[in-house]
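Asks: This is the structure, below, for whatever I ask next.
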Amino acid sequence: MTASTVVVVAVLAILLQVSLQGWIVGAATTHVVGGSTGWTIPPNNTFYPDWASSQTFLVGDILQFNFETGMHDVVAVTKSGYDACDSNGQIASPVTSGPASIPLSSAGEHYYLCGITGHCSAGQKLAVSVVSSTPDSGDAPSPSSGGGSSPPSGSAGALVAPPSLVAVGLSLLLVNINNALR
Ligand SMILES: [Cu+2]
């Protein structure tokens, strides 16, 4: 009886840890450029600006350009290259294989265009504004005022809440399992 309880709790602990890691790692978002339209000559010149304005781009997120290899490409360019549809302003080698996943590794403005003749001037270009994922470098504001209890030491500030929630959940599970086995 005790042994089976230990096994059940161990399995639950592993599952909780896996889901917790997923919660942390899962913070990055993959943005499918243009949604279901993908990366192509858009129906109008405001299509990609409109799409970009509907998104929040954080450092660490990924831009996914869906296109058929050979039909389009993705060239990261400077702002002047973007404005002029001039791929000579490229700041990285063109990505010619679709679909292409490009990580947003720094904050600021990032510019992309399709280098196939005529496509950029037809609106196939993208400007995104990437913001830091931690705009406030300080700790998150604590909702508890007057409790006086400080979080347990030894954990990174951002990770204090989830492990304690897991601990509470495990305790409740232990109680329930013990009751069920009686
Ligand atoms: Cu193109």
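Letters A, B, ... go to the chains of the structure tokens in the order shown; residues in each chain start at 1; ligands are counted from 1 in the same order.
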Could you list, as a PyMOL selection string, every residue within 10 Å of Gly70 (chain A), counting only C-alpha atoms and ignoring same-chain residues fewer than 5 positions away?
Replies: chain A and resi 96-98+116
Asks: Throw together the list of residues within 10 Å of ligand 1, counting only C-alpha atoms and all ligand atoms, and drop it here as a list of chain:residue names.
Replies: A:Trp39, A:Thr40, A:Ile41, A:Pro42, A:Phe67, A:Glu68, A:Gly70, A:Met71, A:His72, A:Asp73, A:Val74, A:Leu113, A:Cys114, A:Gly115, A:Ile116, A:Thr117, A:Gly118, A:His119, A:Cys120, A:Ser121, A:Ala122, A:Gly123, A:Gln124, A:Lys125
Asks: Write the residues of the selection above to a file with N, CA and C atoms, as a PDB file, in the first residue's frame.
Replies:
```pdb
ATOM      1  N   TRP A  39       3.524  33.543 -46.760  1.00  0.00           N
ATOM      2  CA  TRP A  39       4.496  34.523 -47.282  1.00  0.00           C
ATOM      3  C   TRP A  39       4.420  34.497 -48.798  1.00  0.00           C
ATOM      4  N   THR A  40       3.756  35.513 -49.353  1.00  0.00           N
ATOM      5  CA  THR A  40       3.487  35.532 -50.792  1.00  0.00           C
ATOM      6  C   THR A  40       3.229  36.968 -51.218  1.00  0.00           C
ATOM      7  N   ILE A  41       2.932  37.186 -52.484  1.00  0.00           N
ATOM      8  CA  ILE A  41       2.490  38.519 -52.900  1.00  0.00           C
ATOM      9  C   ILE A  41       1.109  38.750 -52.299  1.00  0.00           C
ATOM     10  N   PRO A  42       0.995  39.755 -51.434  1.00  0.00           N
ATOM     11  CA  PRO A  42      -0.261  39.923 -50.682  1.00  0.00           C
ATOM     12  C   PRO A  42      -1.339  40.588 -51.529  1.00  0.00           C
ATOM     13  N   PHE A  67       6.235  29.377 -47.364  1.00  0.00           N
ATOM     14  CA  PHE A  67       6.250  29.573 -48.817  1.00  0.00           C
ATOM     15  C   PHE A  67       6.842  28.340 -49.472  1.00  0.00           C
ATOM     16  N   GLU A  68       6.572  28.214 -50.748  1.00  0.00           N
ATOM     17  CA  GLU A  68       7.090  27.085 -51.512  1.00  0.00           C
ATOM     18  C   GLU A  68       8.484  27.433 -52.017  1.00  0.00           C
ATOM     19  N   GLY A  70      11.543  28.140 -54.022  1.00  0.00           N
ATOM     20  CA  GLY A  70      11.664  28.505 -55.430  1.00  0.00           C
ATOM     21  C   GLY A  70      10.677  29.585 -55.852  1.00  0.00           C
ATOM     22  N   MET A  71       9.579  29.696 -55.095  1.00  0.00           N
ATOM     23  CA  MET A  71       8.582  30.713 -55.438  1.00  0.00           C
ATOM     24  C   MET A  71       8.904  32.054 -54.785  1.00  0.00           C
ATOM     25  N   HIS A  72       9.457  31.986 -53.564  1.00  0.00           N
ATOM     26  CA  HIS A  72       9.773  33.190 -52.809  1.00  0.00           C
ATOM     27  C   HIS A  72      11.060  32.930 -52.034  1.00  0.00           C
ATOM     28  N   ASP A  73      11.545  33.973 -51.353  1.00  0.00           N
ATOM     29  CA  ASP A  73      12.615  33.781 -50.386  1.00  0.00           C
ATOM     30  C   ASP A  73      12.430  34.822 -49.287  1.00  0.00           C
ATOM     31  N   VAL A  74      13.310  34.781 -48.309  1.00  0.00           N
ATOM     32  CA  VAL A  74      13.243  35.751 -47.208  1.00  0.00           C
ATOM     33  C   VAL A  74      14.618  36.379 -47.061  1.00  0.00           C
ATOM     34  N   LEU A 113      12.195  41.133 -46.630  1.00  0.00           N
ATOM     35  CA  LEU A 113      11.488  41.247 -47.908  1.00  0.00           C
ATOM     36  C   LEU A 113      11.741  39.988 -48.725  1.00  0.00           C
ATOM     37  N   CYS A 114      10.920  39.837 -49.768  1.00  0.00           N
ATOM     38  CA  CYS A 114      11.147  38.770 -50.723  1.00  0.00           C
ATOM     39  C   CYS A 114      12.020  39.329 -51.838  1.00  0.00           C
ATOM     40  N   GLY A 115      13.106  38.595 -52.120  1.00  0.00           N
ATOM     41  CA  GLY A 115      14.071  39.084 -53.090  1.00  0.00           C
ATOM     42  C   GLY A 115      13.738  38.766 -54.531  1.00  0.00           C
ATOM     43  N   ILE A 116      12.633  38.052 -54.762  1.00  0.00           N
ATOM     44  CA  ILE A 116      12.248  37.751 -56.141  1.00  0.00           C
ATOM     45  C   ILE A 116      11.765  39.052 -56.806  1.00  0.00           C
ATOM     46  N   THR A 117      12.222  39.275 -58.016  1.00  0.00           N
ATOM     47  CA  THR A 117      11.944  40.537 -58.703  1.00  0.00           C
ATOM     48  C   THR A 117      10.443  40.862 -58.710  1.00  0.00           C
ATOM     49  N   GLY A 118      10.140  42.071 -58.246  1.00  0.00           N
ATOM     50  CA  GLY A 118       8.768  42.556 -58.301  1.00  0.00           C
ATOM     51  C   GLY A 118       7.922  42.223 -57.091  1.00  0.00           C
ATOM     52  N   HIS A 119       8.347  41.255 -56.283  1.00  0.00           N
ATOM     53  CA  HIS A 119       7.491  40.818 -55.173  1.00  0.00           C
ATOM     54  C   HIS A 119       7.439  41.857 -54.054  1.00  0.00           C
ATOM     55  N   CYS A 120       8.616  42.408 -53.699  1.00  0.00           N
ATOM     56  CA  CYS A 120       8.637  43.379 -52.611  1.00  0.00           C
ATOM     57  C   CYS A 120       7.814  44.608 -52.960  1.00  0.00           C
ATOM     58  N   SER A 121       8.004  45.099 -54.160  1.00  0.00           N
ATOM     59  CA  SER A 121       7.269  46.312 -54.543  1.00  0.00           C
ATOM     60  C   SER A 121       5.770  46.049 -54.638  1.00  0.00           C
ATOM     61  N   ALA A 122       5.399  44.769 -54.738  1.00  0.00           N
ATOM     62  CA  ALA A 122       3.983  44.414 -54.723  1.00  0.00           C
ATOM     63  C   ALA A 122       3.475  44.202 -53.298  1.00  0.00           C
ATOM     64  N   GLY A 123       4.338  44.456 -52.322  1.00  0.00           N
ATOM     65  CA  GLY A 123       3.888  44.406 -50.932  1.00  0.00           C
ATOM     66  C   GLY A 123       4.427  43.247 -50.121  1.00  0.00           C
ATOM     67  N   GLN A 124       5.276  42.395 -50.721  1.00  0.00           N
ATOM     68  CA  GLN A 124       5.788  41.256 -49.967  1.00  0.00           C
ATOM     69  C   GLN A 124       7.029  41.662 -49.173  1.00  0.00           C
ATOM     70  N   LYS A 125       6.784  42.421 -48.123  1.00  0.00           N
ATOM     71  CA  LYS A 125       7.844  42.821 -47.208  1.00  0.00           C
ATOM     72  C   LYS A 125       7.245  42.983 -45.823  1.00  0.00           C
TER      73      LYS A 125
END
```
Asks: Compile the contact shell of Gln55 (chain A) as a PyMOL selection string: residues with an atom at most 9 Å away, counting only C-alpha atoms, same-chain residues fewer than 4 positions apart removed.
Replies: chain A and resi 31+51+128
Asks: When you draw a straight line from CA of Pro94 (chain A) to CA of Phe65 (chain A), how long is it in Å?
Replies: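 Spanning CA of Pro94 (chain A) to CA of Phe65 (chain A) is a straight-line distance of 12.5 Å.
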Asks: Where does DSSP see strand (DSSP E or B) in region 82-123 of chain A, if you list the residues as JSON, numbers by chain?
Replies: {"A": [90, 95, 100, 101, 102, 103, 108, 109, 110, 111, 112, 113]}
Asks: May I have the residues from that selection written out with C-alpha atoms, as a short mmCIF file (atom, residue, chain, number, x, y, z; two decimals), in the first residue's frame?
Replies:
```
data_model
loop_
_atom_site.label_atom_id
_atom_site.label_comp_id
_atom_site.auth_asym_id
_atom_site.auth_seq_id
_atom_site.Cartn_x
_atom_site.Cartn_y
_atom_site.Cartn_z
CA GLN A 90 20.52 42.63 -46.83
CA VAL A 95 16.73 32.08 -46.85
CA ALA A 100 11.61 29.24 -43.03
CA SER A 101 11.79 29.80 -39.29
CA ILE A 102 13.72 32.87 -38.27
CA PRO A 103 14.29 33.59 -34.58
CA GLY A 108 14.23 46.61 -32.07
CA GLU A 109 12.99 46.92 -35.63
CA HIS A 110 13.53 43.98 -37.97
CA TYR A 111 12.92 44.15 -41.72
CA TYR A 112 12.39 41.39 -44.24
CA LEU A 113 11.49 41.25 -47.91
#
```
Asks: Per DSSP on the backbone, what are the alpha helix (DSSP H) residues of region 12-134 of chain A, as an mmCIF file with C-alpha atoms, in the first residue's frame?
Replies:
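Result written to result-v1.cif:
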```
data_model
loop_
_atom_site.group_PDB
_atom_site.id
_atom_site.type_symbol
_atom_site.label_atom_id
_atom_site.label_comp_id
_atom_site.auth_asym_id
_atom_site.auth_seq_id
_atom_site.Cartn_x
_atom_site.Cartn_y
_atom_site.Cartn_z
ATOM 1 C CA LEU A 12 2.588 12.552 -10.610
ATOM 2 C CA ALA A 13 5.666 14.517 -9.594
ATOM 3 C CA ILE A 14 7.357 13.708 -12.899
ATOM 4 C CA LEU A 15 4.261 14.714 -14.849
ATOM 5 C CA LEU A 16 4.016 17.976 -12.943
ATOM 6 C CA GLN A 17 7.672 18.719 -13.543
ATOM 7 C CA VAL A 18 7.319 18.084 -17.267
ATOM 8 C CA SER A 19 4.302 20.362 -17.496
ATOM 9 C CA LEU A 20 6.110 22.993 -15.440
ATOM 10 C CA GLN A 21 9.066 22.924 -17.825
ATOM 11 C CA GLY A 22 6.646 23.228 -20.716
ATOM 12 C CA TRP A 23 5.159 26.274 -19.045
ATOM 13 C CA ILE A 24 8.566 27.926 -18.788
ATOM 14 C CA VAL A 25 9.945 26.962 -22.211
ATOM 15 C CA PHE A 47 -1.565 43.256 -45.680
ATOM 16 C CA TYR A 48 1.745 42.564 -43.888
ATOM 17 C CA PRO A 49 1.754 45.842 -41.909
ATOM 18 C CA ASP A 50 -1.769 44.997 -40.759
ATOM 19 C CA TRP A 51 -0.733 41.486 -39.809
ATOM 20 C CA ALA A 52 2.336 42.720 -37.927
ATOM 21 C CA SER A 53 0.288 45.250 -35.987
ATOM 22 C CA LYS A 79 15.344 49.872 -42.975
ATOM 23 C CA SER A 80 16.581 51.638 -46.090
ATOM 24 C CA GLY A 81 16.597 48.330 -47.927
ATOM 25 C CA TYR A 82 13.045 47.734 -46.737
ATOM 26 C CA ASP A 83 11.870 51.195 -47.732
ATOM 27 C CA ALA A 84 13.449 50.980 -51.179
#
```
